[in-house]
>>> print(open('my_file.cif').read())   # mmCIF, C-alpha atoms and all ligand atoms
data_run
#
loop_
_atom_site.label_atom_id
_atom_site.label_comp_id
_atom_site.auth_asym_id
_atom_site.auth_seq_id
_atom_site.Cartn_x
_atom_site.Cartn_y
_atom_site.Cartn_z
CA MET A 203 55.73 -42.72 -36.20
CA GLY A 204 52.59 -40.63 -36.68
CA PRO A 205 50.50 -39.27 -33.82
CA ARG A 206 47.81 -41.47 -32.30
CA GLU A 207 44.37 -40.60 -33.65
CA VAL A 208 41.33 -41.37 -31.50
CA ILE A 209 38.07 -41.79 -33.42
CA VAL A 210 34.80 -42.36 -31.56
CA HIS A 211 31.69 -44.05 -32.92
CA PRO A 212 28.29 -44.10 -31.19
CA ASP A 213 28.08 -47.80 -30.33
CA ALA A 214 29.67 -51.20 -30.92
CA VAL A 215 27.50 -52.07 -33.91
CA VAL A 216 28.33 -48.86 -35.75
CA LEU A 217 31.99 -49.25 -34.74
CA ALA A 218 32.25 -52.71 -36.33
CA GLN A 219 30.53 -51.48 -39.50
CA ALA A 220 32.72 -48.39 -39.71
CA VAL A 221 35.95 -50.33 -39.18
CA ALA A 222 34.90 -52.86 -41.82
CA ALA A 223 34.22 -50.04 -44.30
CA ARG A 224 37.52 -48.39 -43.36
CA LEU A 225 39.40 -51.65 -43.90
CA LEU A 226 37.79 -52.30 -47.28
CA THR A 227 38.52 -48.74 -48.43
CA ARG A 228 42.09 -49.00 -47.18
CA LEU A 229 42.56 -52.19 -49.20
CA VAL A 230 41.19 -50.50 -52.34
CA ASP A 231 43.59 -47.58 -51.80
CA VAL A 232 46.58 -49.88 -51.23
CA GLN A 233 45.76 -51.99 -54.27
CA SER A 234 45.84 -48.90 -56.46
CA VAL A 235 49.55 -48.42 -55.62
CA ARG A 236 51.08 -51.79 -54.65
CA ARG A 237 50.53 -55.51 -54.37
CA PRO A 238 50.10 -57.64 -52.44
CA ALA A 239 48.36 -56.07 -49.44
CA HIS A 240 49.04 -57.57 -46.00
CA VAL A 241 46.42 -57.43 -43.25
CA GLY A 242 46.65 -58.73 -39.70
CA VAL A 243 43.42 -59.61 -37.95
CA THR A 244 42.70 -60.39 -34.34
CA GLY A 245 40.37 -62.36 -32.13
CA GLY A 246 37.93 -61.26 -29.47
CA THR A 247 34.38 -60.00 -29.72
CA VAL A 248 34.93 -56.81 -31.65
CA GLY A 249 37.62 -58.33 -33.86
CA ILE A 250 35.28 -61.05 -35.08
CA GLU A 251 32.34 -58.66 -35.46
CA ILE A 252 34.48 -56.57 -37.81
CA LEU A 253 35.25 -59.63 -39.93
CA ALA A 254 31.55 -60.51 -40.11
CA ALA A 255 30.79 -56.93 -41.14
CA VAL A 256 33.44 -57.15 -43.90
CA ALA A 257 31.81 -60.36 -45.17
CA ALA A 258 28.36 -58.74 -45.19
CA SER A 259 29.48 -55.50 -46.86
CA PRO A 260 28.65 -54.84 -50.53
CA LEU A 261 32.04 -53.05 -50.63
CA ARG A 262 33.84 -56.37 -50.29
CA ASP A 263 33.67 -56.79 -54.07
CA ALA A 264 35.70 -53.59 -54.51
CA VAL A 265 38.73 -55.53 -53.24
CA ASP A 266 40.71 -57.97 -55.34
CA TRP A 267 41.09 -60.61 -52.65
CA SER A 268 43.59 -62.58 -54.73
CA GLY A 269 46.02 -59.75 -53.89
CA VAL A 270 45.41 -59.78 -50.13
CA HIS A 271 47.33 -61.83 -47.55
CA LEU A 272 45.67 -62.42 -44.22
CA TRP A 273 47.60 -62.97 -40.98
CA TRP A 274 46.86 -63.14 -37.26
CA GLY A 275 48.50 -60.90 -34.66
CA ASP A 276 47.86 -63.51 -32.01
CA GLU A 277 46.30 -66.92 -31.55
CA ARG A 278 45.04 -69.14 -28.78
CA PHE A 279 47.21 -72.29 -28.63
CA LEU A 280 44.51 -74.93 -29.12
CA PRO A 281 43.84 -77.83 -31.51
CA ASP A 282 42.87 -77.26 -35.12
CA GLY A 283 39.19 -76.37 -35.48
CA ASP A 284 38.72 -75.60 -31.79
CA PRO A 285 35.84 -73.10 -31.59
CA GLU A 286 37.95 -70.89 -29.33
CA ARG A 287 40.73 -70.50 -31.89
CA ASN A 288 40.82 -67.06 -33.47
CA GLU A 289 41.35 -68.78 -36.81
CA THR A 290 38.21 -70.92 -36.44
CA GLN A 291 36.10 -67.87 -35.59
CA ALA A 292 37.59 -65.86 -38.46
CA ARG A 293 36.90 -68.68 -40.90
CA ARG A 294 33.25 -68.72 -39.94
CA ALA A 295 32.93 -64.91 -39.96
CA LEU A 296 34.92 -64.02 -43.08
CA LEU A 297 37.01 -66.71 -44.74
CA ASP A 298 34.19 -69.13 -45.51
CA PRO A 299 32.06 -66.35 -47.07
CA LEU A 300 35.10 -65.25 -49.11
CA ALA A 301 35.91 -68.76 -50.36
CA GLY A 302 36.57 -68.59 -54.07
CA ALA A 303 37.73 -64.96 -53.91
CA LEU A 304 40.53 -65.24 -51.32
CA PRO A 305 42.99 -67.99 -52.30
CA ALA A 306 43.68 -70.50 -49.52
CA GLY A 307 47.42 -69.86 -49.95
CA ASN A 308 46.91 -66.21 -48.96
CA VAL A 309 45.60 -67.19 -45.53
CA HIS A 310 48.29 -67.62 -42.88
CA PRO A 311 46.95 -69.08 -39.62
CA MET A 312 49.26 -69.78 -36.71
CA LEU A 313 49.81 -73.52 -36.36
CA PRO A 314 47.47 -75.23 -33.87
CA SER A 315 48.59 -77.26 -30.88
CA ASP A 316 47.92 -80.57 -32.68
CA ALA A 317 49.87 -79.74 -35.85
CA PRO A 318 52.70 -82.16 -36.68
CA GLY A 319 55.92 -81.11 -34.97
CA ILE A 320 54.21 -78.52 -32.76
CA ALA A 321 54.51 -79.30 -29.06
CA SER A 322 54.45 -75.85 -27.49
CA PRO A 323 53.45 -72.23 -28.12
CA GLU A 324 57.14 -71.60 -28.80
CA ASP A 325 57.11 -74.13 -31.65
CA SER A 326 54.08 -72.48 -33.20
CA ALA A 327 55.63 -69.02 -32.71
CA ALA A 328 58.86 -70.13 -34.41
CA ALA A 329 56.97 -71.62 -37.35
CA TYR A 330 55.02 -68.39 -37.75
CA ALA A 331 58.18 -66.29 -37.58
CA ARG A 332 59.53 -68.34 -40.50
CA GLU A 333 56.30 -67.90 -42.45
CA LEU A 334 56.34 -64.14 -41.86
CA ALA A 335 60.00 -63.91 -42.86
CA ALA A 336 59.22 -65.61 -46.17
CA PHE A 337 56.95 -62.67 -47.05
CA THR A 338 59.27 -59.78 -46.22
CA GLY A 339 60.07 -57.77 -49.30
CA GLY A 340 63.79 -57.19 -48.90
CA PRO A 341 66.83 -59.27 -48.05
CA ASP A 342 67.53 -60.38 -44.48
CA ASP A 343 68.76 -57.23 -42.78
CA GLY A 344 69.73 -59.12 -39.65
CA SER A 345 66.91 -57.64 -37.54
CA GLY A 346 65.01 -60.25 -35.59
CA ALA A 347 61.45 -59.26 -36.45
CA ARG A 348 61.20 -60.00 -40.17
CA VAL A 349 57.63 -59.33 -41.21
CA PRO A 350 55.81 -58.09 -44.29
CA ALA A 351 55.01 -54.37 -44.19
CA PHE A 352 51.47 -54.72 -42.89
CA ASP A 353 49.09 -52.27 -44.52
CA VAL A 354 46.79 -52.73 -41.55
CA LEU A 355 47.42 -54.61 -38.33
CA MET A 356 44.25 -54.68 -36.22
CA PHE A 357 43.94 -55.38 -32.53
CA GLY A 358 41.23 -55.58 -29.93
CA MET A 359 42.09 -54.45 -26.41
CA GLY A 360 41.31 -56.15 -23.12
CA PRO A 361 39.98 -54.36 -20.04
CA ASP A 362 43.51 -54.74 -18.62
CA GLY A 363 44.99 -52.92 -21.63
CA HIS A 364 46.41 -56.01 -23.36
CA VAL A 365 46.79 -56.14 -27.13
CA ALA A 366 47.39 -59.29 -29.17
CA SER A 367 48.44 -61.70 -26.37
CA LEU A 368 50.78 -59.20 -24.70
CA PHE A 369 49.46 -58.82 -21.15
CA PRO A 370 50.43 -56.27 -18.47
CA GLY A 371 53.53 -57.23 -16.52
CA HIS A 372 53.99 -60.43 -18.54
CA PRO A 373 57.50 -61.48 -19.63
CA ALA A 374 56.34 -61.75 -23.28
CA LEU A 375 56.15 -57.94 -23.32
CA GLY A 376 59.92 -57.82 -23.46
CA ALA A 377 60.42 -60.41 -26.20
CA ALA A 378 62.99 -58.99 -28.64
CA GLY A 379 64.83 -60.02 -31.76
CA THR A 380 61.87 -62.02 -33.04
CA SER A 381 58.47 -61.36 -34.61
CA THR A 382 56.51 -63.84 -32.49
CA VAL A 383 56.54 -65.17 -28.96
CA GLY A 384 55.01 -68.13 -27.14
CA VAL A 385 52.89 -67.04 -24.19
CA HIS A 386 52.20 -69.06 -21.02
CA GLY A 387 50.01 -68.12 -18.09
CA ALA A 388 47.88 -65.57 -19.94
CA PRO A 389 45.22 -64.15 -17.60
CA LYS A 390 42.62 -64.38 -20.39
CA PRO A 391 41.85 -68.01 -21.26
CA PRO A 392 43.31 -70.05 -22.71
CA PRO A 393 46.59 -69.53 -20.84
CA GLU A 394 48.78 -70.71 -23.72
CA ARG A 395 48.93 -68.41 -26.72
CA VAL A 396 51.13 -67.18 -29.54
CA SER A 397 51.58 -63.47 -30.13
CA PHE A 398 53.29 -60.90 -32.30
CA THR A 399 56.01 -59.05 -30.40
CA PHE A 400 56.08 -55.28 -30.18
CA GLU A 401 58.91 -55.27 -32.72
CA ALA A 402 56.64 -56.96 -35.25
CA ILE A 403 53.68 -54.72 -34.39
CA ARG A 404 55.71 -51.53 -34.73
CA ALA A 405 56.91 -52.50 -38.19
CA ALA A 406 53.33 -52.18 -39.53
CA ARG A 407 52.42 -49.21 -41.69
CA GLU A 408 49.13 -48.80 -39.84
CA VAL A 409 48.07 -50.16 -36.47
CA TRP A 410 44.39 -50.01 -35.56
CA VAL A 411 43.27 -50.66 -31.99
CA VAL A 412 39.53 -51.28 -31.76
CA ALA A 413 37.68 -51.27 -28.43
CA ALA A 414 34.03 -51.17 -27.44
CA GLY A 415 32.16 -51.15 -24.16
CA ALA A 416 32.36 -49.48 -20.77
CA ALA A 417 34.66 -52.22 -19.44
CA LYS A 418 37.42 -50.78 -21.63
CA SER A 419 37.16 -47.12 -20.65
CA ALA A 420 39.41 -47.26 -17.57
CA ALA A 421 42.21 -48.84 -19.61
CA ILE A 422 41.76 -46.26 -22.37
CA ALA A 423 41.86 -43.47 -19.78
CA ALA A 424 45.03 -44.87 -18.22
CA ALA A 425 46.68 -45.29 -21.61
CA LEU A 426 45.76 -41.76 -22.71
CA GLY A 427 46.95 -40.55 -19.31
CA GLY A 428 50.51 -41.74 -19.89
CA ALA A 429 50.60 -45.29 -18.49
CA SER A 430 53.68 -47.34 -19.42
CA VAL A 431 53.72 -50.24 -21.89
CA GLU A 432 54.36 -52.53 -18.92
CA GLN A 433 51.13 -51.33 -17.28
CA MET A 434 49.00 -50.83 -20.41
CA PRO A 435 50.49 -52.76 -23.36
CA VAL A 436 48.11 -50.99 -25.76
CA VAL A 437 50.32 -47.90 -25.66
CA GLY A 438 53.10 -49.91 -27.29
CA ALA A 439 51.01 -50.78 -30.34
CA VAL A 440 52.11 -48.04 -32.70
CA GLY A 441 52.30 -48.03 -36.50
CA GLN A 442 55.02 -46.56 -38.71
CA GLU A 443 52.64 -44.27 -40.58
CA ARG A 444 49.43 -44.25 -38.59
CA THR A 445 48.02 -45.39 -35.27
CA LEU A 446 44.25 -45.36 -34.95
CA TRP A 447 42.26 -45.98 -31.81
CA LEU A 448 38.76 -46.77 -33.00
CA LEU A 449 36.41 -46.69 -30.04
CA ASP A 450 32.74 -46.67 -29.25
CA ALA A 451 31.31 -44.02 -26.96
CA ALA A 452 31.09 -46.38 -23.98
CA ALA A 453 34.82 -47.20 -24.18
CA THR A 454 35.75 -43.51 -24.43
CA PRO A 455 36.59 -41.90 -21.10
CA ALA A 456 34.67 -38.72 -20.25
CA ALA A 457 36.68 -35.66 -21.26
O1 LIG B 501 42.69 -63.93 -28.49
C1 LIG B 501 42.18 -62.92 -28.07
O2 LIG B 501 41.31 -62.94 -27.22
C2 LIG B 501 42.61 -61.60 -28.62
O3 LIG B 501 43.29 -61.53 -29.75
C3 LIG B 501 42.62 -60.46 -27.66
O4 LIG B 501 43.76 -59.66 -27.72
C4 LIG B 501 41.37 -59.64 -27.90
O5 LIG B 501 41.43 -58.94 -29.11
C5 LIG B 501 41.11 -58.68 -26.76
O6 LIG B 501 41.11 -59.41 -25.57
C6 LIG B 501 39.79 -57.97 -26.90
O7 LIG B 501 38.75 -58.91 -26.90
P1 LIG B 501 37.23 -58.47 -26.73
O8 LIG B 501 36.90 -57.60 -27.92
O9 LIG B 501 36.46 -59.75 -26.70
O10 LIG B 501 37.15 -57.74 -25.44
#
>>> encode(input="my_file.cif", output="structure tokens")
Amino acid sequence: MGPREVIVHPDAVVLAQAVAARLLTRLVDVQSVRRPAHVGVTGGTVGIEILAAVAASPLRDAVDWSGVHLWWGDERFLPDGDPERNETQARRALLDPLAGALPAGNVHPMLPSDAPGIASPEDSAAAYARELAAFTGGPDDGSGARVPAFDVLMFGMGPDGHVASLFPGHPALGAAGTSTVGVHGAPKPPPERVSFTFEAIRAAREVWVVAAGAAKSAAIAAALGGASVEQMPVVGAVGQERTLWLLDAAATPAA
């Protein structure tokens, strides 16, 4: 696991633009050495702004989207098309503009609450674990979290230090032997969610945590100051090769 790198941008607008450019360049780099590329996106304000910035970037045509698979690190357990679903927001921000370039079969949303056979976040989590397992390169090695080697797995961070839908002190933090977990009683609405586990997150080549705004600076300070995963889940989001914390100045604690 590489060291955590903290990179600060002047404000939230520049941050979203810079992360979009970084993502597009990363995809170009990956595509020069292997295919397909796997990317995990997230919900929340900054997460969706990044996707909109990707859609608006002239660099987007540098990527061969037919060789990119798109996944979600967490989802709000709501009906299909609900405006609060991370998938719905991502479709509007990025997937609709990319229609024609990104094949529908490369997009892997978590199943919504009204999908056939899905009665609970656990059902949706289990279905997603199966979908992820189908895209692992190697044979089943018996480990629970079978996921593709994500080239980039992106997360926003809440003011309480949560990443994906892994909240401080919540039992889902300890989910093991699986790539996904159903979440109940989340403090951020809606209370029912589906999330990657830490095992799945830590299998990624690169993990990027993106946070903007003064409301995030106390959590960043606590995390940099040595808080535990239980207190500040963001500290558990670590990539195999690289962990980037991409912040704006307001989210960055004073030195
Ligand atoms: O479903 C969600 O809400 C998320 O995936 C969540 O983990 C989000 O990324 C953070 O809460 C940051 O959200 P903001 O950028 O809106 O603060």
>>> residues_around(input="my_file.cif", residues="region 324-337 of chain A", least_positions_apart="5", cutoff="7 Å", atoms="only C-alpha atoms", output="count of residues only")
10
>>> closest_atom_pairs(input="my_file.cif", of="chain A", to="ligand LIG 501 (chain B)", cutoff="9 Å", atoms="only C-alpha atoms and all ligand atoms", output="CSV")
residue,atom,partner,partner_atom,distance
A:Val243,CA,B:LIG501,O3,8.4
A:Thr244,CA,B:LIG501,O3,4.8
A:Gly245,CA,B:LIG501,O3,3.9
A:Gly246,CA,B:LIG501,O9,3.5
A:Thr247,CA,B:LIG501,O9,3.7
A:Val248,CA,B:LIG501,O8,4.3
A:Gly249,CA,B:LIG501,O8,6.0
A:Ile250,CA,B:LIG501,O8,8.1
A:Glu251,CA,B:LIG501,O8,8.9
A:Trp274,CA,B:LIG501,O3,8.5
A:Gly275,CA,B:LIG501,O3,7.2
A:Asp276,CA,B:LIG501,O3,5.5
A:Glu277,CA,B:LIG501,O1,5.6
A:Arg278,CA,B:LIG501,O1,5.7
A:Glu286,CA,B:LIG501,O1,8.5
A:Arg287,CA,B:LIG501,O1,7.7
A:Asn288,CA,B:LIG501,O1,6.2
A:Met356,CA,B:LIG501,O5,8.8
A:Phe357,CA,B:LIG501,O5,5.5
A:Gly358,CA,B:LIG501,O5,3.5
A:Met359,CA,B:LIG501,C6,4.2
A:Gly360,CA,B:LIG501,O6,4.1
A:Pro361,CA,B:LIG501,O10,7.0
A:Asp362,CA,B:LIG501,O6,8.7
A:Gly363,CA,B:LIG501,O6,8.5
A:His364,CA,B:LIG501,O4,6.3
A:Val365,CA,B:LIG501,O4,4.7
A:Ala366,CA,B:LIG501,O4,3.9
A:Ser367,CA,B:LIG501,O4,5.3
A:Leu368,CA,B:LIG501,O4,7.7
A:Phe369,CA,B:LIG501,O4,8.7
A:Lys390,CA,B:LIG501,O2,7.1
A:Pro391,CA,B:LIG501,O2,7.8
A:Pro392,CA,B:LIG501,O1,8.4
A:Arg395,CA,B:LIG501,O1,7.9
A:Ser397,CA,B:LIG501,O3,8.5
A:Val411,CA,B:LIG501,O5,9.0
A:Val412,CA,B:LIG501,O8,7.8
A:Ala413,CA,B:LIG501,O8,6.4
A:Ala414,CA,B:LIG501,O8,7.1
A:Gly415,CA,B:LIG501,O10,8.4
A:Ala417,CA,B:LIG501,O10,8.5
A:Lys418,CA,B:LIG501,O10,7.9
>>> atom_distance(input="my_file.cif", atom1="CA of Asp298 (chain A)", atom2="CA of Asp282 (chain A)")
15.8 Å
>>> closest_atom_pairs(input="my_file.cif", of="region 226-251 of chain A", to="region 407-410 of chain A", cutoff="12 Å", atoms="only C-alpha atoms", output="Markdown table")
| residue | atom | partner | partner_atom | distance |
| --- | --- | --- | --- | --- |
| A:Arg228 | CA | A:Glu408 | CA | 10.2 |
| A:Leu229 | CA | A:Glu408 | CA | 11.9 |
| A:Val232 | CA | A:Arg407 | CA | 11.2 |
| A:Ala239 | CA | A:Arg407 | CA | 11.1 |
| A:His240 | CA | A:Arg407 | CA | 10.0 |
| A:Val241 | CA | A:Glu408 | CA | 9.7 |
| A:Gly242 | CA | A:Val409 | CA | 9.3 |
| A:Val243 | CA | A:Trp410 | CA | 9.9 |
| A:Thr244 | CA | A:Trp410 | CA | 10.6 |
| A:Gly249 | CA | A:Trp410 | CA | 10.9 |
>>> atom_distance(input="my_file.cif", atom1="CA of Gln291 (chain A)", atom2="CA of Val309 (chain A)")
13.8 Å
>>> atom_distance(input="my_file.cif", atom1="CA of Val208 (chain A)", atom2="CA of Ile252 (chain A)")
17.8 Å
>>> closest_residue(input="my_file.cif", among="A:Gly371, A:Gly319, A:Pro305, A:Pro281", to="Trp267 (chain A)", atoms="only C-alpha atoms")
A:Pro305
>>> closest_residue(input="my_file.cif", among="A:Gly269, A:Ala405, A:Gln442, A:Met434", to="Ser234 (chain A)", atoms="all atoms listed in the file")
A:Gly269
